[in-house]
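File shown here: coords08.txt, holding compact mmCIF, C-alpha atoms.
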# COMPACT_ATOMS: atom_id res chain seq x y z
CA MET A 688 116.00 131.34 65.12
CA ALA A 689 114.92 127.71 64.99
CA SER A 690 115.40 125.91 61.73
CA LEU A 691 112.45 125.17 59.47
CA LYS A 692 112.59 121.49 60.30
CA GLU A 693 112.43 122.22 64.03
CA LEU A 694 109.47 124.54 63.58
CA GLN A 695 107.69 121.95 61.51
CA ASN A 696 108.18 119.38 64.26
CA ARG A 697 106.89 121.78 66.91
CA ILE A 698 103.76 122.47 64.89
CA LYS A 699 103.15 118.79 64.39
CA SER A 700 103.52 118.02 68.09
CA VAL A 701 101.23 120.87 69.16
CA LYS A 702 98.67 119.68 66.64
CA ASN A 703 98.77 116.22 68.17
CA THR A 704 98.32 117.68 71.64
CA GLN A 705 95.37 119.66 70.39
CA LYS A 706 93.78 116.51 69.01
CA ILE A 707 94.12 114.84 72.40
CA THR A 708 92.70 117.75 74.38
CA LYS A 709 89.83 118.06 71.93
CA ALA A 710 89.01 114.37 72.28
CA MET A 711 89.17 114.68 76.07
CA GLN A 712 86.87 117.65 75.96
CA MET A 713 84.34 115.75 73.92
CA VAL A 714 84.50 112.73 76.19
CA ALA A 715 84.05 114.98 79.21
CA ALA A 716 81.06 116.67 77.57
CA ALA A 717 79.38 113.33 76.99
CA LYS A 718 80.13 112.15 80.50
CA LEU A 719 79.02 115.46 81.96
CA ARG A 720 75.57 115.06 80.49
CA LYS A 721 75.23 111.64 82.06
CA ALA A 722 76.62 112.76 85.40
CA GLN A 723 74.39 115.81 85.45
CA GLU A 724 71.33 113.72 84.79
CA ALA A 725 72.30 111.32 87.55
CA ALA A 726 72.84 114.20 89.96
CA GLU A 727 69.51 115.73 89.10
CA ARG A 728 67.70 112.43 89.44
CA SER A 729 69.08 111.96 92.93
CA ARG A 730 68.01 115.39 94.15
CA PRO A 731 64.34 114.69 94.87
CA TYR A 732 65.32 111.79 97.11
CA SER A 733 67.95 113.66 99.08
CA ASP A 734 65.73 116.73 99.42
CA ARG A 735 62.88 114.62 100.75
CA ILE A 736 64.98 112.62 103.13
CA GLY A 737 66.39 115.89 104.46
CA ALA A 738 62.88 117.25 104.94
CA VAL A 739 61.74 114.10 106.72
CA ILE A 740 64.68 114.27 109.10
CA ILE A 741 64.09 117.92 109.89
CA ASN A 742 60.55 116.98 110.63
CA LEU A 743 61.47 114.13 112.91
CA SER A 744 64.33 115.86 114.64
CA ALA A 745 62.11 118.75 115.60
CA SER A 746 60.15 116.37 117.77
CA MET A 747 63.12 114.29 118.90
CA ALA A 748 65.99 116.71 119.44
CA GLY A 749 65.00 117.76 122.94
CA SER A 750 64.25 114.32 124.28
CA GLU A 751 66.79 112.09 125.99
CA GLY A 752 66.48 108.99 123.90
CA ALA A 753 67.41 110.84 120.73
CA PRO A 754 69.83 108.83 118.61
CA LYS A 755 73.45 109.96 118.72
CA LEU A 756 73.64 110.25 114.95
CA LEU A 757 71.03 112.96 115.22
CA VAL A 758 72.13 115.01 118.20
CA GLY A 759 75.77 114.01 118.47
CA ASN A 760 77.54 112.36 121.38
CA GLY A 761 77.85 115.57 123.33
CA ALA A 762 81.49 116.23 122.50
CA ASP A 763 83.02 118.23 119.69
CA GLN A 764 86.70 117.52 120.19
CA VAL A 765 87.48 115.19 117.33
CA HIS A 766 86.34 116.29 113.90
CA MET A 767 86.45 114.05 110.92
CA LEU A 768 86.45 115.61 107.48
CA VAL A 769 85.32 113.48 104.60
CA VAL A 770 87.03 115.07 101.63
CA THR A 771 85.64 113.91 98.33
CA THR A 772 87.59 114.71 95.20
CA ALA A 773 88.05 113.24 91.77
CA ASP A 774 90.34 110.33 91.04
CA ARG A 775 91.77 111.90 87.94
CA GLY A 776 93.49 115.16 87.26
CA LEU A 777 93.43 117.36 84.17
CA CYS A 778 90.28 119.07 85.30
CA GLY A 779 91.41 122.58 86.03
CA GLY A 780 91.24 123.81 89.59
CA PHE A 781 88.50 121.38 90.57
CA ASN A 782 90.46 119.21 93.01
CA THR A 783 92.59 122.07 94.24
CA ASN A 784 89.52 124.12 95.12
CA ILE A 785 88.08 121.31 97.23
CA VAL A 786 91.41 120.74 98.93
CA ARG A 787 91.80 124.44 99.61
CA LYS A 788 88.40 124.49 101.29
CA ALA A 789 89.41 121.46 103.33
CA ARG A 790 92.70 123.10 104.33
CA GLU A 791 90.93 126.26 105.46
CA GLU A 792 88.58 124.17 107.57
CA ILE A 793 91.42 122.15 109.05
CA THR A 794 93.38 125.29 109.91
CA ALA A 795 90.34 126.88 111.52
CA LEU A 796 89.55 123.77 113.56
CA GLU A 797 93.13 123.30 114.66
CA ALA A 798 93.34 126.94 115.69
CA ALA A 799 90.32 126.24 117.89
CA GLY A 800 92.25 123.37 119.49
CA LYS A 801 90.31 120.52 117.90
CA THR A 802 91.69 117.25 116.64
CA VAL A 803 91.13 116.72 112.96
CA LYS A 804 90.99 113.42 111.15
CA ILE A 805 90.70 113.12 107.41
CA PHE A 806 88.83 110.55 105.36
CA CYS A 807 89.75 110.89 101.70
CA ILE A 808 87.44 109.72 98.97
CA GLY A 809 89.22 110.15 95.67
CA LYS A 810 92.88 109.87 94.90
CA LYS A 811 93.67 113.46 93.94
CA GLY A 812 92.57 114.94 97.22
CA TYR A 813 94.61 112.34 99.03
CA ASP A 814 97.71 113.18 97.00
CA GLN A 815 97.45 116.84 97.90
CA LEU A 816 96.47 116.44 101.55
CA ASN A 817 99.00 113.70 102.14
CA ARG A 818 101.84 116.18 101.83
CA LEU A 819 100.54 118.36 104.64
CA TYR A 820 98.53 116.11 106.91
CA ASP A 821 100.12 112.74 106.42
CA ASP A 822 99.45 111.39 109.91
CA GLN A 823 95.91 112.72 110.13
CA ILE A 824 94.53 110.79 107.20
CA VAL A 825 92.70 107.83 108.66
CA LYS A 826 91.39 106.35 105.47
CA MET A 827 91.59 106.75 101.76
CA VAL A 828 89.22 105.28 99.23
CA SER A 829 89.61 105.48 95.49
CA LEU A 830 86.60 104.96 93.28
CA LYS A 831 88.67 104.57 90.16
CA GLU A 832 87.59 101.03 89.45
CA HIS A 833 83.90 101.91 89.59
CA LYS A 834 82.62 103.14 86.28
CA THR A 835 79.39 104.59 87.57
CA ILE A 836 78.54 105.68 91.07
CA THR A 837 75.78 103.55 92.50
CA GLY A 838 73.85 103.75 95.70
CA ALA A 839 75.65 100.60 96.83
CA ILE A 840 79.08 102.29 96.79
CA ALA A 841 77.74 105.21 98.80
CA ALA A 842 76.05 102.80 101.21
CA GLU A 843 79.36 101.04 101.79
CA LEU A 844 81.18 104.31 102.48
CA GLY A 845 78.34 105.48 104.69
CA GLY A 846 78.45 102.21 106.60
CA THR A 847 82.16 102.68 107.24
CA ILE A 848 81.61 106.18 108.57
CA THR A 849 78.68 105.16 110.75
CA SER A 850 80.59 102.29 112.30
CA MET A 851 83.57 104.56 112.94
CA PHE A 852 81.22 106.93 114.73
CA ASP A 853 79.77 104.08 116.76
CA ALA A 854 83.30 103.06 117.70
CA GLY A 855 83.83 106.58 119.02
CA GLU A 856 86.59 107.47 116.60
CA PHE A 857 85.24 110.98 116.10
CA ASP A 858 82.57 113.32 117.44
CA ILE A 859 81.63 115.40 114.47
CA CYS A 860 81.72 114.49 110.83
CA LYS A 861 81.78 116.96 107.98
CA LEU A 862 81.54 116.27 104.30
CA ILE A 863 83.46 118.39 101.82
CA TYR A 864 82.50 118.20 98.19
CA SER A 865 81.91 120.43 95.23
CA GLN A 866 78.38 121.53 94.54
CA PHE A 867 77.71 121.55 90.82
CA GLU A 868 76.07 124.82 89.77
CA ASN A 869 76.87 124.78 86.08
CA VAL A 870 79.76 123.94 83.78
CA MET A 871 81.70 127.05 84.77
CA THR A 872 80.94 127.12 88.48
CA GLN A 873 81.39 124.46 91.08
CA THR A 874 81.21 125.60 94.65
CA PRO A 875 83.24 123.76 97.28
CA THR A 876 80.80 123.08 100.07
CA ILE A 877 81.03 121.84 103.65
CA LYS A 878 78.13 119.94 105.13
CA THR A 879 77.89 118.54 108.63
CA MET A 880 76.72 114.94 108.49
CA ILE A 881 77.01 113.93 112.12
CA PRO A 882 75.25 115.15 114.19
CA ALA A 883 72.54 115.33 111.58
CA TYR A 884 70.65 117.99 113.47
CA ALA A 885 73.44 120.53 113.01
CA GLY A 886 73.81 119.65 109.37
CA MET A 887 70.45 120.88 108.27
CA GLY A 888 71.84 124.10 106.89
CA VAL A 889 74.38 124.03 104.09
CA GLU A 890 77.37 126.24 104.73
CA SER A 891 77.92 127.43 101.25
CA GLU A 892 80.07 130.35 100.20
CA ASP A 893 77.25 131.85 98.28
CA GLU A 894 73.63 130.96 98.57
CA GLY A 895 73.20 128.30 95.94
CA PRO A 896 69.87 127.00 94.78
CA HIS A 897 70.31 124.01 97.08
CA ALA A 898 70.98 125.90 100.27
CA ALA A 899 69.03 125.10 103.36
CA ASP A 900 66.11 127.35 102.49
CA SER A 901 65.09 125.18 99.61
CA VAL A 902 64.44 122.23 101.89
CA PHE A 903 60.80 122.87 102.29
CA ALA A 904 59.42 122.99 105.78
CA PRO A 905 56.50 120.61 105.97
CA ASP A 906 53.10 122.11 106.55
CA LEU A 907 51.25 119.81 108.84
CA GLN A 908 48.24 122.11 109.12
CA GLY A 909 48.12 121.57 112.82
CA ALA A 910 47.82 117.81 112.70
CA ALA A 911 50.12 115.56 114.70
CA TYR A 912 52.41 113.17 112.98
CA GLU A 913 52.07 109.49 113.70
CA TYR A 914 54.85 106.99 113.34
CA GLU A 915 54.89 103.34 112.54
CA PRO A 916 57.04 101.92 114.08
CA ASP A 917 57.86 104.65 116.65
CA GLU A 918 60.08 107.69 116.05
CA GLU A 919 63.12 105.98 117.42
CA GLY A 920 62.72 102.93 115.23
CA ILE A 921 62.33 105.05 112.16
CA LEU A 922 65.22 107.33 112.97
CA LYS A 923 67.47 104.37 113.63
CA VAL A 924 67.01 103.27 110.04
CA LEU A 925 66.64 106.68 108.53
CA LEU A 926 69.76 108.37 109.88
CA PRO A 927 72.36 105.97 108.49
CA ARG A 928 70.47 106.06 105.23
CA ASN A 929 70.59 109.83 105.27
CA ILE A 930 74.37 109.66 105.56
CA ASN A 931 74.51 107.26 102.63
CA THR A 932 72.29 109.57 100.65
CA GLN A 933 74.39 112.60 101.43
CA ILE A 934 77.53 110.81 100.36
CA PHE A 935 75.81 109.51 97.27
CA SER A 936 74.63 112.93 96.17
CA ALA A 937 78.00 114.48 97.04
CA LEU A 938 79.70 111.92 94.82
CA LEU A 939 77.28 112.59 92.02
CA GLU A 940 77.68 116.35 92.33
CA ASN A 941 81.41 115.82 92.34
CA SER A 942 81.44 113.69 89.24
CA ALA A 943 79.30 116.24 87.40
CA GLY A 944 81.60 119.00 88.62
CA GLU A 945 84.71 117.09 87.66
CA MET A 946 83.43 116.56 84.15
CA GLY A 947 82.29 120.16 83.80
CA SER A 948 85.61 121.41 85.06
CA LYS A 949 87.49 119.03 82.80
CA MET A 950 85.46 120.16 79.85
CA ALA A 951 86.27 123.80 80.54
CA ALA A 952 89.95 123.03 81.14
CA MET A 953 90.25 120.99 77.98
CA ASP A 954 88.41 123.65 76.00
CA ASN A 955 90.99 126.16 77.20
CA ALA A 956 93.82 123.81 76.36
CA THR A 957 92.45 123.25 72.87
CA ARG A 958 92.17 126.95 72.34
CA SER A 959 95.68 127.73 73.56
CA ALA A 960 97.00 124.92 71.39
CA GLY A 961 95.22 126.58 68.46
CA ASP A 962 96.79 129.93 69.31
CA MET A 963 100.18 128.32 69.56
CA ILE A 964 99.76 126.61 66.19
CA ASP A 965 98.81 129.94 64.59
CA LYS A 966 101.85 131.63 66.07
CA LEU A 967 104.20 128.85 65.09
CA THR A 968 102.79 128.70 61.56
CA LEU A 969 103.35 132.44 61.20
CA THR A 970 106.95 132.11 62.35
CA PHE A 971 107.38 129.13 60.07
CA ASN A 972 106.07 131.00 57.03
CA ARG A 973 108.14 134.05 57.84
CA SER A 974 111.37 132.17 58.17
CA ARG A 975 110.59 130.19 55.02
CA GLN A 976 109.99 133.46 53.20
CA ALA A 977 113.22 134.89 54.60
CA GLN A 978 115.09 131.85 53.43
CA ILE A 979 113.62 132.08 49.92
CA THR A 980 114.42 135.79 49.77
CA SER A 981 118.00 135.29 50.84
CA GLU A 982 118.42 132.47 48.33
CA LEU A 983 117.04 134.72 45.59
CA ILE A 984 119.39 137.53 46.55
CA GLU A 985 122.27 135.10 46.39
CA ILE A 986 121.28 133.90 42.91
CA ILE A 987 120.63 137.44 41.62
CA SER A 988 123.83 138.86 43.01
CA GLY A 989 125.69 135.85 41.63
CA ALA A 990 124.17 136.49 38.17
CA GLU A 991 125.03 140.21 38.38
CA ALA A 992 128.64 139.45 39.25
CA LEU A 993 129.05 137.49 36.00
CA MET B 1465 35.75 110.63 95.24
CA ALA B 1466 36.61 114.07 94.09
CA ASP B 1467 40.01 114.66 95.59
CA LYS B 1468 43.14 113.06 94.33
CA LEU B 1469 46.30 112.24 96.18
CA GLN B 1470 49.60 113.83 95.26
CA PHE B 1471 51.93 110.86 95.14
CA SER B 1472 55.63 110.73 94.46
CA LEU B 1473 57.87 107.72 94.45
CA VAL B 1474 61.57 108.47 94.67
CA SER B 1475 64.61 106.24 94.91
CA PRO B 1476 68.21 107.47 95.28
CA GLU B 1477 68.81 106.91 91.59
CA ALA B 1478 65.66 108.47 90.17
CA GLU B 1479 62.19 109.84 90.69
CA LEU B 1480 59.99 107.02 89.44
CA PHE B 1481 56.61 108.60 89.70
CA SER B 1482 55.11 111.93 90.55
CA GLY B 1483 51.52 112.93 89.98
CA LEU B 1484 47.92 112.73 91.11
CA VAL B 1485 46.37 109.34 91.83
CA ASP B 1486 43.28 107.96 93.53
CA GLN B 1487 44.80 105.55 96.01
CA VAL B 1488 48.09 103.91 96.91
CA ASP B 1489 48.51 100.65 98.79
CA VAL B 1490 51.76 100.38 100.70
CA PRO B 1491 53.35 97.40 102.45
CA GLY B 1492 54.36 98.80 105.84
CA THR B 1493 56.57 96.93 108.29
CA GLU B 1494 53.66 96.74 110.70
CA GLY B 1495 51.12 95.83 108.06
CA ASP B 1496 49.79 96.98 104.73
CA PHE B 1497 47.91 100.24 104.48
CA GLY B 1498 46.12 102.23 101.83
CA VAL B 1499 46.45 105.97 101.43
CA PHE B 1500 43.78 108.22 100.01
CA ALA B 1501 43.74 111.97 99.68
CA GLU B 1502 43.63 113.86 103.00
CA HIS B 1503 45.08 111.01 104.98
CA ALA B 1504 46.26 112.00 108.46
CA PRO B 1505 50.00 112.86 108.66
CA PHE B 1506 51.82 109.67 109.24
CA MET B 1507 55.15 108.06 108.62
CA ALA B 1508 55.92 104.39 108.21
CA ALA B 1509 58.80 102.14 107.37
CA ILE B 1510 58.24 99.87 104.39
CA ARG B 1511 59.10 96.21 104.02
CA THR B 1512 59.86 94.38 100.80
CA GLY B 1513 56.73 93.99 98.75
CA ALA B 1514 54.54 95.58 96.13
CA ILE B 1515 53.12 99.10 96.04
CA THR B 1516 49.87 99.33 94.15
CA VAL B 1517 48.83 102.64 92.65
CA TYR B 1518 45.19 103.03 91.66
CA ASN B 1519 44.26 105.75 89.26
CA ASP B 1520 41.15 106.11 87.09
CA GLY B 1521 40.41 102.43 87.32
CA THR B 1522 43.93 101.34 86.36
CA GLU B 1523 46.41 99.63 88.64
CA THR B 1524 50.15 100.04 88.51
CA ARG B 1525 52.38 97.89 90.66
CA TYR B 1526 55.91 98.63 91.80
CA MET B 1527 58.27 96.33 93.58
CA ILE B 1528 59.87 98.00 96.57
CA GLN B 1529 62.70 96.82 98.79
CA GLY B 1530 62.79 98.85 101.96
CA GLY B 1531 62.18 102.54 102.44
CA PHE B 1532 59.76 104.98 104.02
CA ALA B 1533 56.32 106.30 103.35
CA ASP B 1534 55.74 109.87 104.41
CA VAL B 1535 52.13 110.99 104.44
CA MET B 1536 51.69 114.72 104.70
CA PRO B 1537 48.66 116.93 104.10
CA SER B 1538 50.30 117.85 100.83
CA GLY B 1539 50.50 114.24 99.71
CA LEU B 1540 52.32 110.95 99.96
CA THR B 1541 56.03 110.56 99.38
CA ILE B 1542 57.68 107.19 99.26
CA LEU B 1543 61.42 107.10 99.73
CA ALA B 1544 62.36 103.74 98.31
CA GLU B 1545 65.72 102.16 98.79
CA GLN B 1546 65.23 100.08 95.70
CA CYS B 1547 62.24 100.23 93.47
CA ALA B 1548 61.13 99.07 90.02
CA LEU B 1549 57.99 98.77 87.96
CA MET B 1550 56.53 95.29 88.34
CA SER B 1551 55.93 95.03 84.60
CA ASP B 1552 59.67 95.54 84.05
CA LEU B 1553 60.48 92.54 86.18
CA ASN B 1554 60.38 88.87 85.42
CA ALA B 1555 60.45 85.74 87.53
CA GLU B 1556 64.15 85.21 86.88
CA MET B 1557 65.16 88.58 88.29
CA ILE B 1558 63.14 87.97 91.41
CA SER B 1559 64.50 84.49 91.92
CA GLU B 1560 67.98 85.97 91.62
CA GLU B 1561 67.06 88.45 94.36
CA ILE B 1562 65.70 85.57 96.42
CA ASN B 1563 68.99 83.73 96.10
CA LYS B 1564 70.83 86.84 97.22
CA ALA B 1565 68.47 87.30 100.15
CA GLU B 1566 68.94 83.67 101.18
CA THR B 1567 72.71 84.03 101.36
CA ALA B 1568 72.28 87.29 103.25
CA LEU B 1569 69.98 85.56 105.72
CA ALA B 1570 72.48 82.77 106.23
CA ALA B 1571 75.20 85.32 106.99
CA ALA B 1572 73.10 87.63 109.18
CA GLU B 1573 73.05 87.60 112.97
CA GLY B 1574 70.79 89.03 115.64
CA ASP B 1575 68.51 91.85 114.59
CA ALA B 1576 69.82 91.78 111.06
CA SER B 1577 68.64 88.22 110.53
CA LEU B 1578 65.10 89.26 111.38
CA ASP B 1579 65.23 91.97 108.75
CA ALA B 1580 66.76 89.57 106.27
CA ALA B 1581 64.04 87.02 106.89
CA GLN B 1582 61.35 89.63 106.38
CA HIS B 1583 63.04 90.73 103.18
CA LEU B 1584 63.17 87.17 101.90
CA ASP B 1585 59.56 86.58 102.81
CA GLY B 1586 58.49 89.68 100.89
CA LEU B 1587 60.41 88.57 97.84
CA LYS B 1588 58.82 85.13 97.93
CA GLN B 1589 55.37 86.63 98.10
CA LEU B 1590 56.23 88.82 95.16
CA SER B 1591 57.40 85.94 93.06
CA GLU B 1592 54.16 84.09 93.78
CA SER B 1593 52.06 87.05 92.79
CA LEU B 1594 53.92 87.54 89.52
With the file now loaded, output its structure as structure tokens.
Amino acid sequence: MASLKELQNRIKSVKNTQKITKAMQMVAAAKLRKAQEAAERSRPYSDRIGAVIINLSASMAGSEGAPKLLVGNGADQVHMLVVTTADRGLCGGFNTNIVRKAREEITALEAAGKTVKIFCIGKKGYDQLNRLYDDQIVKMVSLKEHKTITGAIAAELGGTITSMFDAGEFDICKLIYSQFENVMTQTPTIKTMIPAYAGMGVESEDEGPHAADSVFAPDLQGAAYEYEPDEEGILKVLLPRNINTQIFSALLENSAGEMGSKMAAMDNATRSAGDMIDKLTLTFNRSRQAQITSELIEIISGAEAL
Amino acid sequence: MADKLQFSLVSPEAELFSGLVDQVDVPGTEGDFGVFAEHAPFMAAIRTGAITVYNDGTETRYMIQGGFADVMPSGLTILAEQCALMSDLNAEMISEEINKAETALAAAEGDASLDAAQHLDGLKQLSESL
């Protein structure tokens, strides 16, 4: 049995750990609220832009001059996966779940004989994927130095992806992120970004509230749409922006998910620390009692012997 | 006029406005246009400028920098790249934007320089109207 002093030290150290996890939980809760609000604020925009593109692509998809971002470049050999994860750990299975989804996708694509390239956004995903697919990672971006996610960051990332596509570095681009449902549930989701036409439906494990159905189909009431400038001109501007928007909302969903997951993980940690403290205190009291008892017995038996 | 137009103004960061209004004036790339209720379905790119929303005799102005106007039978949606209430802005903020736009114009080439010039022009008009 450990000595009283040792037990006391253990209790003290667990208490300190508990203080830290509790503080982290509270910080995560505060950040979660902010992140959730940001994610919700961005939804109308991304829903609308999705609806507009569906609308436009319906009239453009069949025609020859359709932009490549919309219909693809005809090939589907090289796939690029944009894996977005958090930059920090200590958030339960959040990063691992995203990476697992990515790994499943990579395995499936490779089994089908495709080439897979990986674009990592977020350090944790990179750390995990690097071990397995070292030579397939083409780029890695960490957003650690950015305190809040702005449209400008997403626009920069989107620009990189679009120019890589223009340079012919890949044929199909998929975005992997975690859809924030609530604090307890974040669903890893794969979305096809390029070609945009194929990406209209969300491949989600279960039908979330943001699955493809919720993107309302426009009711034109029989009237024809007019464009100013023409369809092509609009699509040329709209499609890259759609990619930026998708990345932006994925990043926001991710940051909400990360915080939610961290909150849950830290709540668990605080609770197990509490359990551990209770157990240790019990052991401590018991061994103190045992010590007192044995000291008493010694004194009493000493007195009797006299 | 009896009917009102369902108008929503959204930017990536937030939904700035959503509700029923009488009329909205939008600065399109090919020229300004006004939208009333039951406008024909129509989609236009937007240049830098001011959106004016008319409702019950009041006018609200928003500064917009790029985006799209989507007119559907169900209403008008503006997808703004960047957008802010005019009353929240002051001359300093706009002149800062103008400086930024000027450097962007100096750096731009080809098609991009045309866009940059249009952007700068819109900002200058805005600062005059303020």
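If you measure from each of A:Lys923, A:Lys810, A:Lys826, A:Arg973 to chain B using only C-alpha atoms, the closest one turns out to be A:Lys923.
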Give me the residues near range 1538-1548 of chain B as a PDB file with C-alpha atoms, keeping the file's coordinate frame, where near means some atom within 8 Å (using only C-alpha atoms) and where sequence neighbours in that chain fewer than 5 positions away do not count.
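Saved to result.pdb:
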ATOM      1  CA  TYR A 732      65.320 111.790  97.110  1.00  0.00           C
ATOM      2  CA  ARG A 735      62.880 114.620 100.750  1.00  0.00           C
ATOM      3  CA  ILE A 736      64.980 112.620 103.130  1.00  0.00           C
ATOM      4  CA  ASP A 906      53.100 122.110 106.550  1.00  0.00           C
TER       5      ASP A 906
ATOM      6  CA  LEU B1469      46.300 112.240  96.180  1.00  0.00           C
ATOM      7  CA  GLN B1470      49.600 113.830  95.260  1.00  0.00           C
ATOM      8  CA  PHE B1471      51.930 110.860  95.140  1.00  0.00           C
ATOM      9  CA  SER B1472      55.630 110.730  94.460  1.00  0.00           C
ATOM     10  CA  LEU B1473      57.870 107.720  94.450  1.00  0.00           C
ATOM     11  CA  VAL B1474      61.570 108.470  94.670  1.00  0.00           C
ATOM     12  CA  SER B1475      64.610 106.240  94.910  1.00  0.00           C
ATOM     13  CA  PRO B1476      68.210 107.470  95.280  1.00  0.00           C
ATOM     14  CA  VAL B1499      46.450 105.970 101.430  1.00  0.00           C
ATOM     15  CA  ALA B1501      43.740 111.970  99.680  1.00  0.00           C
ATOM     16  CA  GLU B1502      43.630 113.860 103.000  1.00  0.00           C
ATOM     17  CA  TYR B1526      55.910  98.630  91.800  1.00  0.00           C
ATOM     18  CA  MET B1527      58.270  96.330  93.580  1.00  0.00           C
ATOM     19  CA  ILE B1528      59.870  98.000  96.570  1.00  0.00           C
ATOM     20  CA  GLN B1529      62.700  96.820  98.790  1.00  0.00           C
ATOM     21  CA  GLY B1530      62.790  98.850 101.960  1.00  0.00           C
ATOM     22  CA  GLY B1531      62.180 102.540 102.440  1.00  0.00           C
ATOM     23  CA  PHE B1532      59.760 104.980 104.020  1.00  0.00           C
ATOM     24  CA  ALA B1533      56.320 106.300 103.350  1.00  0.00           C
ATOM     25  CA  LEU B1553      60.480  92.540  86.180  1.00  0.00           C
TER      26      LEU B1553
END
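Distance-wise, CA of Gln712 in chain A and CA of Ala952 in chain A end up 8.1 Å apart.
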Problem - Distance-based interface of chain B with chain A, 7 Å, counting only C-alpha atoms, as number ranges by chain - result: B: 1474-1479, 1494, 1505-1509, 1536-1537, 1543
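Here CA of Gly780 in chain A is placed at a distance of 25.2 Å from CA of Asp822 in chain A.
Compared by their closest atoms to Lys801 in chain A, and using all atoms listed in the file, the residues A:Tyr813, A:Ile859, A:Lys692, A:Ala841 rank with A:Ile859 nearest.
Nearest residue to Gln764 in chain A, choosing from A:Asp858, A:Gly845, A:Ala990, A:Asn817 and counting all atoms listed in the file: A:Asp858.
Proximity ranking of B:Ala1514, B:Val1490, B:Ala1570, B:Leu1578 relative to Val1535 in chain B places B:Val1490 first, based on all atoms listed in the file.
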Exercise for the section: Identify which of the residues B:Ala1568, B:Ile1558, B:Ala1504, B:Leu1590 lies closest to Arg1525 in chain B, counting only C-alpha atoms when measuring atom-to-atom distances. Expected result: B:Leu1590
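The space between CA of Met1550 in chain B and CA of Ser1591 in chain B spans 10.5 Å.
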Exercise for the section: Skip Glu940 in chain A itself and residues of its chain fewer than 5 positions away, then list as a ChimeraX atom specification all residues within 8 Å of it, counting all atoms listed in the file. Expected result: /A:722-723,726,864-867
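Residue neighbourhood of Leu967 in chain A, excluding near-sequence residues (fewer than 6 positions): A:Leu694, A:Gln695, A:Arg697, A:Ile698, at 9 Å, using all atoms listed in the file.
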Practice task
Can you work out which one of A:Gly947, A:Gly809, A:Gly989, A:Gly961 has the shortest atom-to-atom distance to Leu719 in chain A, counting only C-alpha atoms?
Solution key: A:Gly947
Handout entry: Non-local contacts of Gly800 in chain A (12 Å; all atoms listed in the file; under 5 positions in same chain excluded) as a list in words
Key = Asp763, Gln764, Val765, His766, Ile793, Thr794 and Ala795 of chain A
